[in-house]
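Asks: Sharing input24.txt here; it has compact mmCIF, N, CA and C atoms.
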# COMPACT_ATOMS: atom_id res chain seq x y z
N MET A 1 63.35 -9.37 97.66
CA MET A 1 63.44 -10.68 98.25
C MET A 1 62.52 -10.72 99.47
N GLU A 2 61.76 -11.79 99.61
CA GLU A 2 60.84 -11.94 100.73
C GLU A 2 61.63 -12.39 101.96
N ASN A 3 61.55 -11.61 103.03
CA ASN A 3 62.24 -11.94 104.27
C ASN A 3 61.34 -12.85 105.08
N GLN A 4 61.72 -14.09 105.24
CA GLN A 4 60.86 -15.08 105.88
C GLN A 4 60.96 -15.08 107.40
N LYS A 5 62.02 -14.50 107.97
CA LYS A 5 62.13 -14.54 109.42
C LYS A 5 61.26 -13.48 110.06
N LYS A 6 60.95 -13.67 111.34
CA LYS A 6 60.13 -12.69 112.06
C LYS A 6 60.86 -11.36 112.06
N THR A 7 60.14 -10.31 111.72
CA THR A 7 60.76 -9.01 111.53
C THR A 7 61.29 -8.40 112.81
N GLY A 8 60.53 -8.46 113.89
CA GLY A 8 61.01 -7.90 115.14
C GLY A 8 60.95 -6.39 115.20
N PHE A 9 60.00 -5.78 114.49
CA PHE A 9 59.86 -4.33 114.57
C PHE A 9 59.36 -3.94 115.95
N THR A 10 59.80 -2.80 116.43
CA THR A 10 59.42 -2.27 117.74
C THR A 10 58.08 -1.55 117.62
N LYS A 11 57.16 -1.86 118.54
CA LYS A 11 55.85 -1.20 118.54
C LYS A 11 55.94 0.15 119.23
N ARG A 12 55.09 1.09 118.78
CA ARG A 12 54.96 2.37 119.47
C ARG A 12 54.42 2.11 120.86
N PRO A 13 54.83 2.89 121.86
CA PRO A 13 54.26 2.73 123.20
C PRO A 13 52.75 3.01 123.18
N ASP A 14 52.01 2.32 124.04
CA ASP A 14 50.57 2.55 124.16
C ASP A 14 50.31 4.03 124.39
N GLY A 15 49.34 4.56 123.69
CA GLY A 15 48.98 5.97 123.85
C GLY A 15 49.77 6.93 122.99
N LYS A 16 50.89 6.46 122.36
CA LYS A 16 51.68 7.35 121.48
C LYS A 16 51.06 7.29 120.09
N SER A 17 50.60 8.47 119.62
CA SER A 17 49.91 8.48 118.33
C SER A 17 50.87 8.39 117.16
N LEU A 18 50.32 7.91 116.07
CA LEU A 18 51.05 7.82 114.81
C LEU A 18 51.11 9.21 114.19
N ILE A 19 52.29 9.61 113.75
CA ILE A 19 52.46 10.91 113.10
C ILE A 19 52.24 10.71 111.60
N VAL A 20 51.32 11.49 111.05
CA VAL A 20 51.01 11.38 109.62
C VAL A 20 51.22 12.74 108.96
N ALA A 21 52.06 12.78 107.95
CA ALA A 21 52.26 14.01 107.17
C ALA A 21 51.92 13.68 105.72
N ARG A 22 50.84 14.26 105.26
CA ARG A 22 50.39 13.99 103.89
C ARG A 22 49.63 15.21 103.41
N HIS A 23 49.72 15.53 102.15
CA HIS A 23 49.02 16.69 101.60
C HIS A 23 47.59 16.30 101.20
N TYR A 24 46.64 16.98 101.78
CA TYR A 24 45.23 16.80 101.43
C TYR A 24 44.64 18.18 101.17
N ALA A 25 43.59 18.21 100.39
CA ALA A 25 42.87 19.47 100.18
C ALA A 25 42.27 19.92 101.51
N SER A 26 42.13 21.20 101.69
CA SER A 26 41.60 21.75 102.92
C SER A 26 40.25 21.12 103.26
N GLY A 27 40.14 20.62 104.48
CA GLY A 27 38.89 20.03 104.95
C GLY A 27 38.69 18.58 104.57
N GLU A 28 39.58 18.02 103.74
CA GLU A 28 39.45 16.62 103.34
C GLU A 28 39.96 15.74 104.49
N PRO A 29 39.14 14.78 104.96
CA PRO A 29 39.56 13.95 106.09
C PRO A 29 40.63 12.94 105.69
N LEU A 30 41.43 12.56 106.65
CA LEU A 30 42.43 11.52 106.46
C LEU A 30 41.71 10.18 106.34
N LYS A 31 41.87 9.50 105.21
CA LYS A 31 41.17 8.23 104.99
C LYS A 31 41.83 7.11 105.78
N TYR A 32 43.12 6.95 105.59
CA TYR A 32 43.86 5.89 106.26
C TYR A 32 45.21 6.46 106.69
N PRO A 33 45.70 6.12 107.87
CA PRO A 33 46.98 6.65 108.31
C PRO A 33 48.18 6.06 107.57
N VAL A 34 48.00 4.89 106.96
CA VAL A 34 49.08 4.24 106.21
C VAL A 34 48.50 3.82 104.86
N GLU A 35 49.12 4.27 103.78
CA GLU A 35 48.62 3.96 102.45
C GLU A 35 49.74 3.43 101.56
N VAL A 36 49.37 2.68 100.52
CA VAL A 36 50.33 2.18 99.54
C VAL A 36 51.07 3.37 98.95
N GLY A 37 52.37 3.24 98.86
CA GLY A 37 53.23 4.29 98.31
C GLY A 37 53.90 5.14 99.38
N ASP A 38 53.35 5.12 100.60
CA ASP A 38 53.99 5.85 101.71
C ASP A 38 55.34 5.23 102.02
N VAL A 39 56.29 6.05 102.42
CA VAL A 39 57.53 5.55 103.01
C VAL A 39 57.43 5.92 104.48
N ARG A 40 57.35 4.90 105.35
CA ARG A 40 57.09 5.11 106.76
C ARG A 40 58.30 4.72 107.60
N ASP A 41 58.37 5.32 108.79
CA ASP A 41 59.45 5.05 109.73
C ASP A 41 59.02 3.92 110.66
N LEU A 42 59.77 2.83 110.65
CA LEU A 42 59.59 1.73 111.59
C LEU A 42 60.89 1.64 112.37
N LYS A 43 60.91 0.86 113.43
CA LYS A 43 62.13 0.71 114.22
C LYS A 43 62.40 -0.76 114.52
N ILE A 44 63.69 -1.09 114.55
CA ILE A 44 64.16 -2.35 115.11
C ILE A 44 65.05 -1.90 116.26
N GLY A 45 64.54 -2.05 117.48
CA GLY A 45 65.22 -1.47 118.63
C GLY A 45 65.18 0.03 118.49
N SER A 46 66.36 0.68 118.46
CA SER A 46 66.40 2.13 118.28
C SER A 46 66.76 2.52 116.85
N GLU A 47 67.00 1.54 115.98
CA GLU A 47 67.38 1.82 114.59
C GLU A 47 66.15 2.13 113.75
N LEU A 48 66.13 3.30 113.10
CA LEU A 48 65.05 3.65 112.18
C LEU A 48 65.21 2.87 110.89
N VAL A 49 64.09 2.29 110.43
CA VAL A 49 64.04 1.53 109.19
C VAL A 49 63.00 2.21 108.30
N PHE A 50 63.39 2.63 107.12
CA PHE A 50 62.47 3.29 106.21
C PHE A 50 61.89 2.24 105.27
N VAL A 51 60.55 2.10 105.31
CA VAL A 51 59.86 1.04 104.58
C VAL A 51 58.81 1.65 103.67
N GLU A 52 58.83 1.29 102.39
CA GLU A 52 57.79 1.72 101.46
C GLU A 52 56.64 0.72 101.52
N VAL A 53 55.43 1.22 101.75
CA VAL A 53 54.25 0.36 101.83
C VAL A 53 53.88 -0.08 100.42
N ILE A 54 53.80 -1.41 100.20
CA ILE A 54 53.46 -1.91 98.87
C ILE A 54 52.11 -2.62 98.83
N ASP A 55 51.55 -2.95 100.02
CA ASP A 55 50.23 -3.59 100.03
C ASP A 55 49.59 -3.41 101.41
N VAL A 56 48.29 -3.15 101.40
CA VAL A 56 47.53 -3.07 102.63
C VAL A 56 46.82 -4.41 102.79
N LEU A 57 47.07 -5.07 103.92
CA LEU A 57 46.49 -6.38 104.19
C LEU A 57 45.35 -6.21 105.20
N GLU A 58 44.67 -7.28 105.52
CA GLU A 58 43.56 -7.21 106.47
C GLU A 58 44.05 -7.00 107.89
N GLY A 59 43.17 -6.42 108.73
CA GLY A 59 43.42 -6.33 110.16
C GLY A 59 44.52 -5.37 110.57
N GLY A 60 44.73 -4.30 109.81
CA GLY A 60 45.76 -3.33 110.18
C GLY A 60 47.17 -3.82 109.94
N ASN A 61 47.32 -4.75 108.99
CA ASN A 61 48.64 -5.28 108.63
C ASN A 61 49.03 -4.78 107.25
N PHE A 62 50.35 -4.75 107.02
CA PHE A 62 50.88 -4.19 105.78
C PHE A 62 52.05 -5.01 105.28
N LYS A 63 52.31 -4.86 103.99
CA LYS A 63 53.48 -5.45 103.36
C LYS A 63 54.29 -4.29 102.82
N GLY A 64 55.59 -4.32 103.03
CA GLY A 64 56.42 -3.23 102.56
C GLY A 64 57.78 -3.70 102.12
N LYS A 65 58.53 -2.77 101.55
CA LYS A 65 59.89 -3.05 101.08
C LYS A 65 60.83 -2.11 101.81
N ILE A 66 61.88 -2.66 102.40
CA ILE A 66 62.87 -1.84 103.10
C ILE A 66 63.61 -0.97 102.09
N VAL A 67 63.57 0.35 102.33
CA VAL A 67 64.24 1.30 101.46
C VAL A 67 65.64 1.59 101.96
N SER A 68 65.77 1.82 103.29
CA SER A 68 67.09 2.09 103.87
C SER A 68 67.02 2.03 105.40
N PHE A 69 68.18 2.12 105.99
CA PHE A 69 68.33 2.16 107.45
C PHE A 69 68.97 3.49 107.81
N GLU A 70 68.62 4.05 108.95
CA GLU A 70 69.13 5.37 109.31
C GLU A 70 70.65 5.39 109.47
N SER A 71 71.22 4.40 110.17
CA SER A 71 72.65 4.49 110.48
C SER A 71 73.50 3.37 109.88
N SER A 72 72.93 2.56 109.01
CA SER A 72 73.70 1.44 108.46
C SER A 72 74.04 1.69 107.00
N PRO A 73 75.27 2.09 106.72
CA PRO A 73 75.66 2.33 105.33
C PRO A 73 75.82 1.05 104.52
N ASP A 74 75.83 -0.10 105.18
CA ASP A 74 76.06 -1.37 104.49
C ASP A 74 74.80 -1.97 103.89
N GLU A 75 73.65 -1.25 103.98
CA GLU A 75 72.38 -1.74 103.47
C GLU A 75 71.98 -3.05 104.13
N ASP A 76 72.42 -3.27 105.36
CA ASP A 76 72.12 -4.50 106.10
C ASP A 76 72.08 -4.15 107.58
N TYR A 77 71.04 -4.64 108.28
CA TYR A 77 70.94 -4.39 109.71
C TYR A 77 70.29 -5.60 110.36
N GLN A 78 71.02 -6.26 111.21
CA GLN A 78 70.55 -7.43 111.97
C GLN A 78 69.80 -8.43 111.09
N GLY A 79 70.39 -8.75 109.95
CA GLY A 79 69.80 -9.75 109.06
C GLY A 79 68.77 -9.22 108.09
N HIS A 80 68.44 -7.95 108.18
CA HIS A 80 67.51 -7.32 107.24
C HIS A 80 68.32 -6.53 106.24
N LYS A 81 67.89 -6.58 104.97
CA LYS A 81 68.63 -5.91 103.91
C LYS A 81 67.73 -4.95 103.14
N THR A 82 68.33 -3.92 102.60
CA THR A 82 67.61 -3.02 101.71
C THR A 82 67.02 -3.86 100.57
N GLY A 83 65.73 -3.64 100.29
CA GLY A 83 65.05 -4.40 99.24
C GLY A 83 64.25 -5.57 99.76
N ASP A 84 64.48 -5.99 101.02
CA ASP A 84 63.69 -7.08 101.60
C ASP A 84 62.23 -6.69 101.69
N THR A 85 61.35 -7.65 101.46
CA THR A 85 59.92 -7.46 101.68
C THR A 85 59.61 -7.93 103.09
N VAL A 86 58.89 -7.08 103.83
CA VAL A 86 58.57 -7.38 105.23
C VAL A 86 57.08 -7.15 105.49
N HIS A 87 56.59 -7.78 106.54
CA HIS A 87 55.22 -7.59 106.98
C HIS A 87 55.25 -6.89 108.33
N PHE A 88 54.29 -5.97 108.54
CA PHE A 88 54.27 -5.22 109.80
C PHE A 88 52.85 -4.79 110.10
N GLU A 89 52.64 -4.36 111.33
CA GLU A 89 51.34 -3.87 111.79
C GLU A 89 51.38 -2.35 111.89
N GLU A 90 50.19 -1.75 111.93
CA GLU A 90 50.12 -0.29 112.08
C GLU A 90 50.83 0.14 113.37
N ALA A 91 50.77 -0.68 114.41
CA ALA A 91 51.41 -0.35 115.69
C ALA A 91 52.93 -0.26 115.57
N HIS A 92 53.51 -0.81 114.51
CA HIS A 92 54.97 -0.73 114.28
C HIS A 92 55.38 0.57 113.61
N VAL A 93 54.41 1.32 113.07
CA VAL A 93 54.71 2.54 112.33
C VAL A 93 54.83 3.71 113.30
N TRP A 94 55.96 4.41 113.29
CA TRP A 94 56.21 5.54 114.18
C TRP A 94 55.87 6.85 113.50
N ALA A 95 56.16 6.96 112.23
CA ALA A 95 55.86 8.20 111.49
C ALA A 95 55.78 7.88 110.00
Please lay out the structure from this file as structure tokens.
Replies:
Amino acid sequence: MENQKKTGFTKRPDGKSLIVARHYASGEPLKYPVEVGDVRDLKIGSELVFVEVIDVLEGGNFKGKIVSFESSPDEDYQGHKTGDTVHFEEAHVWA
């Protein structure tokens, strides 16, 4: 389901680098820090939101699907639900 309301993801603090863990052949450079198929950690306040990247958009923006929330067993957190499609920026990705 497409979530039409503003997502409200928390941005990483200025100067805090994005953590990327991905398997590459030795010496192969990292092409993009966020790629389709990645499940990345985003935050709403202090709540971790696990989002699968489903599309790379222009200007460092992405489309993803919420997979789960760190501490919400109800599959719902502040109006966001597991399975919602959301839009976010690279600055919203923590790991």
Asks: Do you have the CA of Val34 in chain A-CA of Ser68 in chain A distance handy?
Replies: 18.3 Å
Asks: Calculate how many Å separate CA of Leu57 in chain A from CA of Ser72 in chain A, rounding to one decimal.
Replies: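 Atom-to-atom, CA of Leu57 in chain A to CA of Ser72 in chain A, that is 28.6 Å.
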Asks: Considering only N, CA and C atoms, can you say which of A:Lys65, A:Asp38, A:Asp14, A:Phe50 comes closest to Thr85 in chain A?
Replies: A:Lys65
Asks: Please measure the separation of CA of His87 in chain A and atom N of Gly8 in chain A, giving the value in Å to one decimal.
Replies: 8.8 Å
Asks: Under the rule that only C-alpha atoms are counted, which of A:Gly15, A:Ile44, A:Pro33, A:Phe9 is the nearest residue to Ser71 in chain A?
Replies: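 Among A:Gly15, A:Ile44, A:Pro33, A:Phe9, it is A:Ile44 that comes nearest to Ser71 in chain A.
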Asks: Which is closer to Glu90 in chain A than all the others in A:Val67, A:Asp76, A:Val51, A:Leu18, using only C-alpha atoms?
Replies: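 The answer is A:Leu18, which sits nearest to Glu90 in chain A.
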Asks: Nearest residue to Thr82 in chain A out of A:Gly60, A:Phe69, A:Ile54, A:Ser46, using only C-alpha atoms?
Replies: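 Answer, going by the shortest atom-to-atom distance: A:Phe69.
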Asks: List the spatial neighbours of His92 in chain A as a PyMOL selection string - criterion: any atom at most 7 Å away, only C-alpha atoms, same-chain residues fewer than 6 positions off excluded.
Replies: chain A and resi 9-12+42
